[in-house]
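Participant: So here's work-v5.txt, just compact mmCIF, C-alpha atoms:
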```txt
# COMPACT_ATOMS: atom_id res chain seq x y z
CA MET A 75 -15.10 -20.32 -16.88
CA LEU A 76 -15.37 -23.93 -15.80
CA THR A 77 -11.62 -23.97 -15.07
CA PHE A 78 -12.01 -20.90 -12.88
CA ILE A 79 -14.82 -22.51 -10.88
CA LEU A 80 -12.82 -25.72 -10.43
CA LYS A 81 -9.77 -23.77 -9.22
CA ARG A 82 -11.87 -21.83 -6.72
CA MET A 83 -13.44 -25.05 -5.47
CA LEU A 84 -10.00 -26.65 -5.03
CA LEU A 85 -8.93 -23.64 -2.94
CA LEU A 86 -11.80 -24.41 -0.58
CA VAL A 87 -10.22 -27.75 0.38
CA PRO A 88 -7.33 -26.38 2.52
CA VAL A 89 -9.59 -23.64 3.85
CA SER A 90 -12.18 -26.22 4.92
CA LEU A 91 -9.49 -28.27 6.63
CA ALA A 92 -8.23 -25.25 8.55
CA VAL A 93 -11.78 -24.29 9.52
CA SER A 94 -12.51 -27.81 10.76
CA ILE A 95 -9.43 -27.70 13.01
CA VAL A 96 -10.39 -24.32 14.45
CA ILE A 97 -13.99 -25.41 15.06
CA PHE A 98 -12.95 -28.65 16.77
CA MET A 99 -10.32 -27.03 18.97
CA ILE A 100 -12.48 -24.09 20.04
CA VAL A 101 -15.39 -26.34 20.99
CA HIS A 102 -13.19 -28.63 23.08
CA LEU A 103 -11.39 -25.73 24.78
CA VAL A 104 -14.68 -24.31 26.10
CA PRO A 105 -14.91 -25.04 29.85
CA GLY A 106 -17.48 -27.63 30.82
CA ASP A 107 -18.32 -31.25 30.16
CA PRO A 108 -21.39 -32.65 28.37
CA ILE A 109 -21.31 -35.69 30.64
CA ASP A 110 -22.32 -33.42 33.53
CA HIS A 111 -25.68 -32.90 31.84
CA ILE A 112 -26.52 -36.56 31.34
CA VAL A 113 -24.96 -38.28 34.35
CA GLN A 114 -27.50 -39.07 37.03
CA ILE A 115 -27.21 -37.81 40.57
CA GLY A 116 -25.45 -40.36 42.73
CA SER A 117 -23.76 -42.13 39.79
CA SER A 118 -20.48 -43.81 40.60
CA PRO A 119 -17.15 -42.76 39.03
CA GLU A 120 -17.21 -46.02 37.07
CA GLN A 121 -20.54 -45.12 35.48
CA ARG A 122 -19.24 -41.67 34.59
CA ALA A 123 -16.10 -43.19 33.07
CA GLU A 124 -18.28 -45.55 31.05
CA LEU A 125 -20.21 -42.62 29.58
CA ILE A 126 -17.00 -40.78 28.76
CA ALA A 127 -15.62 -43.85 26.98
CA ARG A 128 -18.91 -44.40 25.12
CA TYR A 129 -18.67 -40.99 23.47
CA GLY A 130 -14.91 -41.22 22.90
CA LEU A 131 -14.09 -38.32 25.21
CA ASP A 132 -11.36 -40.33 26.97
CA LYS A 133 -9.16 -40.40 23.86
CA PRO A 134 -6.47 -37.79 23.06
CA ILE A 135 -7.92 -34.72 21.38
CA LEU A 136 -5.94 -35.38 18.18
CA VAL A 137 -7.45 -38.86 17.93
CA GLN A 138 -10.92 -37.40 18.54
CA TYR A 139 -10.37 -34.86 15.74
CA VAL A 140 -9.17 -37.44 13.22
CA THR A 141 -12.12 -39.68 14.07
CA TRP A 142 -14.59 -36.80 13.77
CA LEU A 143 -13.09 -35.58 10.48
CA GLY A 144 -13.22 -39.07 9.01
CA ASN A 145 -16.86 -39.40 9.98
CA VAL A 146 -17.67 -35.97 8.53
CA LEU A 147 -16.04 -36.85 5.21
CA SER A 148 -18.21 -39.96 5.10
CA GLY A 149 -21.33 -37.89 5.78
CA ASP A 150 -21.70 -38.73 9.47
CA LEU A 151 -21.76 -35.71 11.79
CA GLY A 152 -22.12 -37.89 14.85
CA THR A 153 -24.84 -38.31 17.47
CA ALA A 154 -25.95 -35.63 19.89
CA ILE A 155 -24.85 -36.45 23.42
CA ILE A 156 -27.78 -34.75 25.14
CA LEU A 157 -30.61 -35.14 22.61
CA ARG A 158 -29.32 -38.58 21.53
CA GLN A 159 -30.29 -38.01 17.90
CA PRO A 160 -28.15 -37.89 14.75
CA VAL A 161 -26.66 -34.42 14.36
CA SER A 162 -27.43 -34.44 10.64
CA ALA A 163 -31.11 -35.05 11.39
CA LEU A 164 -31.18 -32.14 13.86
CA ILE A 165 -29.54 -29.84 11.32
CA VAL A 166 -31.91 -30.91 8.53
CA GLN A 167 -34.83 -30.31 10.88
CA ASN A 168 -33.71 -26.77 11.81
CA MET A 169 -31.98 -25.64 8.61
CA PRO A 170 -35.15 -24.67 6.65
CA HIS A 171 -36.12 -22.16 9.38
CA SER A 172 -32.68 -20.52 9.24
CA LEU A 173 -32.59 -20.50 5.43
CA THR A 174 -36.03 -18.90 5.23
CA LEU A 175 -35.13 -16.21 7.74
CA GLY A 176 -31.70 -15.58 6.21
CA GLY A 177 -32.98 -15.58 2.63
CA LEU A 178 -35.74 -13.07 3.32
CA ALA A 179 -33.37 -10.86 5.33
CA LEU A 180 -30.84 -10.94 2.47
CA LEU A 181 -33.57 -10.08 -0.05
CA PHE A 182 -34.75 -7.19 2.12
CA SER A 183 -31.27 -5.76 2.65
CA THR A 184 -30.46 -6.16 -1.07
CA VAL A 185 -33.55 -4.42 -2.45
CA VAL A 186 -33.76 -1.66 0.17
CA GLY A 187 -29.99 -1.19 0.40
CA ILE A 188 -29.44 -0.79 -3.35
CA SER A 189 -32.50 1.48 -3.65
CA THR A 190 -31.46 3.81 -0.81
CA GLY A 191 -27.83 3.85 -1.93
CA ALA A 192 -28.81 4.71 -5.50
CA LEU A 193 -31.21 7.39 -4.26
CA ALA A 194 -28.46 8.98 -2.17
CA ALA A 195 -26.02 8.88 -5.11
CA VAL A 196 -28.48 10.39 -7.61
CA PHE A 197 -29.33 13.26 -5.23
CA ARG A 198 -25.83 13.60 -3.78
CA ASP A 199 -25.05 16.63 -1.61
CA THR A 200 -28.74 17.37 -1.11
CA TRP A 201 -30.98 16.98 1.91
CA ILE A 202 -32.15 13.64 0.48
CA ASP A 203 -28.57 12.35 0.40
CA ARG A 204 -27.87 13.59 3.92
CA GLY A 205 -31.13 12.16 5.26
CA VAL A 206 -30.57 8.75 3.68
CA MET A 207 -26.95 8.56 4.85
CA THR A 208 -27.95 9.60 8.38
CA ALA A 209 -30.56 6.85 8.48
CA ILE A 210 -28.05 4.37 7.07
CA LEU A 211 -25.42 5.36 9.65
CA PHE A 212 -27.97 5.05 12.45
CA GLY A 213 -29.11 1.64 11.24
CA SER A 214 -25.55 0.30 10.99
CA THR A 215 -24.72 1.23 14.59
CA LEU A 216 -27.68 -0.51 16.23
CA PRO A 217 -26.86 -3.94 17.76
CA SER A 218 -29.20 -6.46 16.16
CA PHE A 219 -30.24 -8.13 19.43
CA TRP A 220 -31.10 -4.75 20.97
CA LEU A 221 -33.05 -3.72 17.87
CA GLY A 222 -34.93 -7.03 18.05
CA LEU A 223 -35.92 -6.40 21.64
CA LEU A 224 -37.14 -2.89 20.76
CA MET A 225 -39.22 -4.26 17.90
CA ILE A 226 -40.76 -6.87 20.16
CA LEU A 227 -41.62 -4.18 22.71
CA LEU A 228 -43.13 -1.79 20.15
CA PHE A 229 -44.73 -3.90 17.41
CA ALA A 230 -45.54 -7.09 19.33
CA VAL A 231 -46.27 -5.97 22.90
CA GLN A 232 -47.54 -2.40 22.50
CA LEU A 233 -49.18 -2.44 19.05
CA GLU A 234 -49.82 -6.21 18.91
CA TRP A 235 -49.24 -6.27 15.15
CA PHE A 236 -47.01 -9.35 15.10
CA PRO A 237 -46.38 -12.39 17.30
CA VAL A 238 -43.81 -12.01 20.05
CA SER A 239 -42.04 -15.28 19.25
CA GLY A 240 -42.31 -18.63 17.53
CA ALA A 241 -42.60 -19.66 13.89
CA ARG A 242 -46.20 -20.74 13.48
CA THR A 243 -47.26 -18.07 10.96
CA TRP A 244 -45.61 -16.00 8.25
CA GLY A 245 -46.28 -12.93 10.38
CA SER A 246 -43.75 -14.19 12.90
CA LEU A 247 -41.04 -13.69 10.26
CA VAL A 248 -41.58 -9.94 9.85
CA LEU A 249 -39.77 -8.69 12.95
CA PRO A 250 -36.78 -11.09 12.73
CA VAL A 251 -36.32 -10.30 9.02
CA LEU A 252 -36.39 -6.56 9.69
CA THR A 253 -34.00 -6.94 12.61
CA ILE A 254 -31.39 -8.76 10.55
CA GLY A 255 -32.06 -6.89 7.30
CA ILE A 256 -31.70 -3.35 8.64
CA GLY A 257 -28.01 -3.81 9.43
CA GLY A 258 -27.40 -5.27 5.99
CA THR A 259 -29.35 -2.45 4.36
CA ALA A 260 -26.96 0.09 5.86
CA LEU A 261 -23.88 -1.72 4.54
CA VAL A 262 -25.29 -2.33 1.05
CA GLY A 263 -26.55 1.25 0.85
CA ARG A 264 -23.15 2.74 1.71
CA VAL A 265 -21.32 0.50 -0.77
CA THR A 266 -23.86 1.25 -3.54
CA ARG A 267 -23.60 5.00 -3.05
CA ALA A 268 -19.78 4.98 -2.97
CA ALA A 269 -19.58 2.74 -6.04
CA MET A 270 -22.00 4.89 -8.05
CA LEU A 271 -20.13 8.08 -7.18
CA ASP A 272 -16.92 6.41 -8.30
CA VAL A 273 -18.42 5.28 -11.62
CA VAL A 274 -19.76 8.80 -12.30
CA ARG A 275 -16.16 9.98 -12.72
CA LYS A 276 -15.45 7.49 -15.52
CA ASP A 277 -14.91 8.73 -19.08
CA PHE A 278 -17.70 6.63 -20.58
CA VAL A 279 -20.26 8.51 -18.46
CA LEU A 280 -19.18 11.79 -20.02
CA MET A 281 -19.55 10.20 -23.46
CA LEU A 282 -23.08 9.05 -22.61
CA HIS A 283 -24.01 12.61 -21.65
CA ALA A 284 -22.49 13.86 -24.92
CA LYS A 285 -24.68 11.39 -26.86
CA GLY A 286 -27.76 13.04 -25.35
CA LEU A 287 -28.99 10.22 -23.07
CA SER A 288 -31.25 11.34 -20.25
CA PRO A 289 -29.55 11.66 -16.83
CA TRP A 290 -32.01 9.18 -15.34
CA ALA A 291 -31.24 6.54 -17.98
CA ILE A 292 -27.51 7.06 -17.45
CA GLN A 293 -27.84 6.69 -13.70
CA MET A 294 -30.09 3.62 -13.69
CA HIS A 295 -29.03 1.70 -16.80
CA HIS A 296 -25.30 2.36 -16.91
CA ILE A 297 -23.87 3.76 -13.68
CA LEU A 298 -25.88 1.53 -11.35
CA ARG A 299 -25.11 -1.58 -13.43
CA HIS A 300 -21.36 -0.97 -13.23
CA ALA A 301 -21.61 -0.07 -9.54
CA LEU A 302 -23.21 -3.43 -8.69
CA LEU A 303 -19.89 -5.30 -8.93
CA PRO A 304 -18.65 -4.41 -5.41
CA VAL A 305 -22.21 -4.77 -4.14
CA VAL A 306 -22.29 -8.37 -5.38
CA THR A 307 -19.10 -9.07 -3.44
CA ILE A 308 -20.60 -7.64 -0.25
CA LEU A 309 -23.82 -9.60 -0.73
CA SER A 310 -21.95 -12.87 -1.27
CA LEU A 311 -20.07 -12.37 1.99
CA ARG A 312 -23.31 -11.53 3.76
CA ILE A 313 -24.81 -14.93 2.93
CA GLY A 314 -22.76 -16.53 5.65
CA TRP A 315 -22.92 -13.46 7.88
CA ILE A 316 -26.71 -13.44 7.83
CA LEU A 317 -26.91 -17.11 8.79
CA GLY A 318 -24.42 -16.43 11.56
CA GLY A 319 -26.23 -13.28 12.64
CA ALA A 320 -29.46 -15.22 12.78
CA VAL A 321 -27.99 -17.18 15.71
CA THR A 322 -28.76 -14.46 18.25
CA ILE A 323 -31.93 -13.26 16.52
CA GLU A 324 -33.47 -16.74 16.51
CA PHE A 325 -32.75 -16.95 20.22
CA VAL A 326 -34.22 -13.48 20.89
CA PHE A 327 -37.43 -14.32 19.01
CA ALA A 328 -37.50 -17.92 20.31
CA ARG A 329 -37.54 -19.28 16.76
CA PRO A 330 -36.42 -22.77 15.75
CA GLY A 331 -33.30 -22.89 13.61
CA LEU A 332 -29.57 -23.43 13.65
CA GLY A 333 -29.13 -20.45 15.97
CA SER A 334 -31.37 -21.77 18.71
CA LEU A 335 -29.94 -25.26 18.27
CA LEU A 336 -26.38 -23.93 18.51
CA ILE A 337 -26.96 -21.80 21.62
CA ASN A 338 -28.83 -24.56 23.44
CA SER A 339 -26.10 -27.04 22.55
CA LEU A 340 -23.40 -24.64 23.71
CA SER A 341 -25.04 -24.30 27.11
CA GLN A 342 -25.09 -28.10 27.38
CA ARG A 343 -21.56 -28.55 25.93
CA ASP A 344 -22.97 -30.95 23.35
CA TYR A 345 -19.82 -31.15 21.23
CA PRO A 346 -21.15 -33.00 18.15
CA VAL A 347 -24.09 -30.63 17.69
CA VAL A 348 -21.99 -27.49 18.20
CA GLN A 349 -19.37 -28.75 15.75
CA GLY A 350 -22.02 -29.65 13.18
CA CYS A 351 -23.76 -26.25 13.42
CA LEU A 352 -20.51 -24.29 13.22
CA LEU A 353 -19.42 -26.39 10.27
CA MET A 354 -22.65 -25.60 8.42
CA LEU A 355 -22.20 -21.87 9.08
CA ALA A 356 -18.59 -22.01 7.86
CA ILE A 357 -19.65 -23.85 4.70
CA ALA A 358 -22.29 -21.16 4.08
CA VAL A 359 -19.59 -18.45 4.24
CA MET A 360 -17.29 -20.34 1.86
CA LEU A 361 -20.08 -21.11 -0.63
CA GLY A 362 -21.21 -17.50 -0.49
CA THR A 363 -17.70 -16.32 -1.32
CA LEU A 364 -17.48 -18.80 -4.20
CA LEU A 365 -20.87 -17.69 -5.52
CA GLY A 366 -19.79 -14.05 -5.36
CA ASP A 367 -16.62 -14.75 -7.34
CA VAL A 368 -18.56 -16.62 -10.02
CA VAL A 369 -21.24 -13.93 -10.33
CA GLN A 370 -18.56 -11.25 -10.51
CA ALA A 371 -16.85 -13.14 -13.32
CA ILE A 372 -20.15 -13.38 -15.18
CA MET A 373 -20.92 -9.67 -14.77
CA ASP A 374 -17.44 -8.25 -15.47
CA PRO A 375 -15.85 -8.99 -18.89
CA ARG A 376 -12.41 -8.03 -17.49
CA VAL A 377 -12.61 -10.85 -14.96
CA ARG A 378 -13.58 -13.29 -17.72
CA GLU A 379 -10.59 -12.14 -19.79
CA ARG A 380 -8.22 -12.77 -16.87
CA ILE A 381 -9.73 -16.22 -16.41
CA ALA A 382 -9.32 -17.04 -20.09
```
Using the file provided, produce a representation of the structure as C-alpha cells.
Facilitator:
Amino acid sequence: MLTFILKRMLLLVPVSLAVSIVIFMIVHLVPGDPIDHIVQIGSSPEQRAELIARYGLDKPILVQYVTWLGNVLSGDLGTAIILRQPVSALIVQNMPHSLTLGGLALLFSTVVGISTGALAAVFRDTWIDRGVMTAILFGSTLPSFWLGLLMILLFAVQLEWFPVSGARTWGSLVLPVLTIGIGGTALVGRVTRAAMLDVVRKDFVLMLHAKGLSPWAIQMHHILRHALLPVVTILSLRIGWILGGAVTIEFVFARPGLGSLLINSLSQRDYPVVQGCLLMLAIAVMLGTLLGDVVQAIMDPRVRERIA
C-alpha cells in the first residue's frame, strides 16, 4: 500500500510541472499590464521602466518562469504587485474561508446526493424514482452563479432569512453552501443510482436473497456499500472542482476567499497573486485525485491485490 501511494505521488511531479507551465503562460498571455494599475498619472517612461524592472517583467518570459518556479520550490510565491504583500500571506489569510465553504458544500452534496440516489435506486421505476431524477436533472442544469442570485433574491432580500453577503456569521454560509452543493448533489445522486442498479445485477445479490436477508438490509448494507466505489472517485474529483467553483460563488456573495482574491487580482493583472491562487486550486485537484485513489484501494480488495 505504501508503495502504491509513493508511486502515485511520484506521478504528480510531472503533472505539477506541466500545470505550472500552463498556469504561468496563461496568466502572462492575458492582455493587460499590472504596472498600469500602480503607475502614477504623469509618470515618465523612465519611472515606468523602473517599475517593470523592479518586478522582473522586462526579462524574457522563459527566464521569468524559471525564476518563479525556483522561488515556488523554495516556498516563496512572490510579492503581490498591487497589494504589495507576500502572496503566501494573502493565500493563508483567504484559504480558511474557501476551505470552510468548500468542505461544507462537499459534505452537503455527499450526504444528500448519496441519500437521493439510493432512494431512487431502491424505488426504481416508480413515481419516487422519476420525481427524484427529475429534481436531480433540474439541479444539474442550473448555472451556479444564477442559482446564487435567485437565492439571494428569495431568501435574503424577500424573506430576509439570511444575510445577502459577507462572512460575519455562520448564517452567511447557508446560501453559498446550498448554491455550490446542489450541483454536486445532482452528480453524486446520478452516479449512486446508476452504480446501485449495476450492483443489483451481480450474482452475490441473488445469493443474499436466497439466504433470506431482508431486501432493505441487502440494499443498504451490501448493494450501497459496493456502489460507493465510483461515488468515491467522483467525490475525490469534486474536491478541486468545489474549490474552483467557489471562485464565482464567493464573488457573487461578496465573501472573502481564494475566489474573490483571484477575480480581483485578475482584474488588476496581478501576476504573482493569480499564479499563486491557480496553483493552489491545481494542487487541490491533484491531492483530491490522489486521495480518491487511496480510498478506493482501501475499500476495494481487488485494487489492493493489484497493488500487491
Participant: Using Å and a single decimal, report how far atom CA of A:Leu143 sits from atom CA of A:Ser94.
Facilitator: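 Interatomic distance, atom CA of A:Ser94 to atom CA of A:Leu143: 7.8 Å.
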Participant: For atom CA of A:Asp150 and atom CA of A:Arg329, quote the distance in Å rounded to one decimal.
Facilitator: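 Going from atom CA of A:Asp150 over to atom CA of A:Arg329 covers 26.1 Å.
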Participant: From the options A:Ile256, A:Ile79, A:Ile292, A:Leu164, which residue's atoms come nearest to A:Ser339, counting all atoms listed in the file?
Facilitator: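 Closest to A:Ser339, using all atoms listed in the file: A:Leu164.
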Participant: How many Å separate atom CA of A:Thr208 from atom CA of A:Gly187?
Facilitator: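 Distance reported for this atom pair: 13.6 Å.
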Participant: With all atoms listed in the file as the basis for distance, which of A:Val238, A:Leu147, A:Ala123, A:Ile165 is at the shortest distance from A:Val326?
Facilitator: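 Using all atoms listed in the file, A:Val326 sits closest to A:Val238.
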Participant: Rank A:Pro250, A:Pro237, A:Gly152, A:Gly205 by their smallest atom-to-atom distance to A:Gly222, using only C-alpha atoms, and report the top residue only.
Facilitator: A:Pro250
Participant: For A:Thr153, work out the shell of residues within 10 Å, counting all atoms listed in the file and skipping chain neighbours fewer than 6 positions away, then give it as a list in words.
Facilitator: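 Once the nearby chain positions are removed, what remains is Tyr129, Gln159, Pro160, Val161, Ser162, Ala163, Leu164, Asp344, Tyr345, Pro346 and Val347 of chain A.
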Participant: If you count all atoms listed in the file, which residues fall within 12 Å of A:Ile135, apart from same-chain ones fewer than 2 positions away, as an MDAnalysis selection string?
Facilitator: chainID A and resid 95 98:103 130:133 137:142
Participant: Would you kindly return, as JSON, numbers by chain, each protein, DNA or RNA residue with an atom no farther than 12 Å from any atom of A:Ala260, considering only C-alpha atoms and excluding same-chain residues fewer than 4 positions away?
Facilitator: {"A": [182, 183, 184, 185, 186, 187, 188, 189, 190, 191, 206, 207, 208, 209, 210, 211, 212, 213, 214, 215, 216, 254, 255, 256, 264, 265, 266, 267, 308]}
Participant: Where's the centre, and what are the edge lengths in Å to one decimal, of a box along x, y and z enclosing all listed atoms of stretch 334-339 of chain A padded 4 Å per side, as lines of an AutoDock Vina configuration file?
Facilitator:
```
center_x = -28.7
center_y = -24.4
center_z = 20.9
size_x = 13.3
size_y = 13.3
size_z = 13.2
```
Participant: From the list A:Met270, A:Ile226, A:Val166, A:Leu173, which residue is nearest A:Arg198 when using all atoms listed in the file?
Facilitator: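 The answer is A:Met270, which sits nearest to A:Arg198.
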Participant: Would you please work out which residue, of A:Val196, A:Leu340, A:Val273, A:Leu252, is nearest to A:Pro304 when using all atoms listed in the file?
Facilitator: A:Val273
Participant: Show which residues sit within 8 Å of A:Ile313, as a list in words. Count all atoms listed in the file, and ignore same-chain residues fewer than 6 positions away.
Facilitator: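 My reading of the contact set: Gly176, Leu180, Ala358, Val359 and Gly362 of chain A.
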Participant: Taking into account only C-alpha atoms, which residue in the set A:Ser310, A:Ser90, A:Ile337, A:Val274 is nearest to A:Ala356?
Facilitator: A:Ser90
Participant: Within 7 Å of A:Cys351, counting all atoms listed in the file, which residues show up once you throw out same-chain ones fewer than 3 positions away? Write them as JSON, numbers by chain, please.
Facilitator: {"A": [332, 336, 347, 348, 354, 355]}
Participant: Show me a table, sorted first by chain and then by increasing residue number, of the residues of stretch 238-356 of chain A having an atom at most 10 Å from stretch 227-231 of chain A, each with its shortest atom pair and the distance in Å to one decimal, counting all atoms listed in the file and written as a Markdown table.
Facilitator:
```
| residue | atom | partner | partner_atom | distance |
| --- | --- | --- | --- | --- |
| A:Val238 | CA | A:Ala230 | CA | 5.3 |
| A:Ser239 | CA | A:Ala230 | CA | 8.9 |
| A:Ser246 | CA | A:Ala230 | CA | 9.7 |
| A:Leu249 | CA | A:Phe229 | CA | 8.2 |
```
Participant: Emit the selected residues as a short mmCIF file (atom, residue, chain, number, x, y, z; two decimals), in the frame of the given file, including C-alpha atoms.
Facilitator:
```
data_model
loop_
_atom_site.label_atom_id
_atom_site.label_comp_id
_atom_site.auth_asym_id
_atom_site.auth_seq_id
_atom_site.Cartn_x
_atom_site.Cartn_y
_atom_site.Cartn_z
CA VAL A 238 -43.81 -12.01 20.05
CA SER A 239 -42.04 -15.28 19.25
CA SER A 246 -43.75 -14.19 12.90
CA LEU A 249 -39.77 -8.69 12.95
#
```
Participant: Starting from the sparse input, extend stretch 123-132 of chain A to all heavy atoms and give the output as a tab-separated table (two decimals), in the frame of the given file.
Facilitator:
```
chain	number	residue	atom	x	y	z
A	123	ALA	N	-17.18	-42.81	33.98
A	123	ALA	CA	-16.10	-43.19	33.07
A	123	ALA	C	-16.64	-43.98	31.89
A	123	ALA	O	-16.15	-43.86	30.76
A	123	ALA	CB	-15.05	-44.00	33.83
A	124	GLU	N	-17.68	-44.78	32.14
A	124	GLU	CA	-18.28	-45.55	31.05
A	124	GLU	C	-18.93	-44.64	30.02
A	124	GLU	O	-18.81	-44.86	28.80
A	124	GLU	CB	-19.31	-46.52	31.62
A	124	GLU	CG	-19.99	-47.38	30.55
A	124	GLU	CD	-21.09	-48.26	31.12
A	124	GLU	OE1	-21.22	-48.31	32.37
A	124	GLU	OE2	-21.82	-48.88	30.33
A	125	LEU	N	-19.60	-43.58	30.50
A	125	LEU	CA	-20.21	-42.62	29.58
A	125	LEU	C	-19.15	-41.87	28.78
A	125	LEU	O	-19.31	-41.62	27.57
A	125	LEU	CB	-21.08	-41.63	30.36
A	125	LEU	CG	-22.40	-42.18	30.93
A	125	LEU	CD1	-23.07	-41.14	31.81
A	125	LEU	CD2	-23.33	-42.58	29.80
A	126	ILE	N	-18.08	-41.49	29.44
A	126	ILE	CA	-17.00	-40.78	28.76
A	126	ILE	C	-16.40	-41.65	27.66
A	126	ILE	O	-16.14	-41.19	26.54
A	126	ILE	CB	-15.92	-40.34	29.78
A	126	ILE	CG1	-16.48	-39.28	30.72
A	126	ILE	CG2	-14.68	-39.82	29.06
A	126	ILE	CD1	-15.53	-38.86	31.82
A	127	ALA	N	-16.18	-42.93	27.97
A	127	ALA	CA	-15.62	-43.85	26.98
A	127	ALA	C	-16.60	-44.10	25.84
A	127	ALA	O	-16.19	-44.26	24.68
A	127	ALA	CB	-15.23	-45.16	27.66
A	128	ARG	N	-17.91	-44.13	26.15
A	128	ARG	CA	-18.91	-44.40	25.12
A	128	ARG	C	-18.89	-43.33	24.03
A	128	ARG	O	-19.06	-43.63	22.84
A	128	ARG	CB	-20.30	-44.46	25.76
A	128	ARG	CG	-21.42	-44.73	24.75
A	128	ARG	CD	-22.79	-44.60	25.41
A	128	ARG	NE	-22.93	-45.50	26.57
A	128	ARG	CZ	-23.98	-45.48	27.38
A	128	ARG	NH1	-24.97	-44.61	27.15
A	128	ARG	NH2	-24.04	-46.31	28.40
A	129	TYR	N	-18.67	-42.07	24.44
A	129	TYR	CA	-18.67	-40.99	23.47
A	129	TYR	C	-17.26	-40.62	23.01
A	129	TYR	O	-17.07	-39.60	22.33
A	129	TYR	CB	-19.36	-39.76	24.06
A	129	TYR	CG	-20.84	-39.98	24.29
A	129	TYR	CD1	-21.34	-40.23	25.57
A	129	TYR	CD2	-21.73	-39.97	23.23
A	129	TYR	CE1	-22.69	-40.46	25.78
A	129	TYR	CE2	-23.10	-40.18	23.43
A	129	TYR	CZ	-23.56	-40.42	24.70
A	129	TYR	OH	-24.91	-40.65	24.91
A	130	GLY	N	-16.28	-41.42	23.38
A	130	GLY	CA	-14.91	-41.22	22.90
A	130	GLY	C	-14.20	-40.03	23.49
A	130	GLY	O	-13.19	-39.58	22.94
A	131	LEU	N	-14.70	-39.50	24.61
A	131	LEU	CA	-14.09	-38.32	25.21
A	131	LEU	C	-12.86	-38.65	26.04
A	131	LEU	O	-12.19	-37.73	26.54
A	131	LEU	CB	-15.13	-37.59	26.09
A	131	LEU	CG	-16.39	-37.12	25.35
A	131	LEU	CD1	-17.37	-36.47	26.33
A	131	LEU	CD2	-16.04	-36.14	24.24
A	132	ASP	N	-12.55	-39.93	26.21
A	132	ASP	CA	-11.36	-40.33	26.97
A	132	ASP	C	-10.12	-40.41	26.09
A	132	ASP	O	-9.01	-40.56	26.59
A	132	ASP	CB	-11.60	-41.69	27.63
A	132	ASP	CG	-11.96	-42.77	26.62
A	132	ASP	OD1	-12.49	-42.42	25.54
A	132	ASP	OD2	-11.71	-43.96	26.91
```
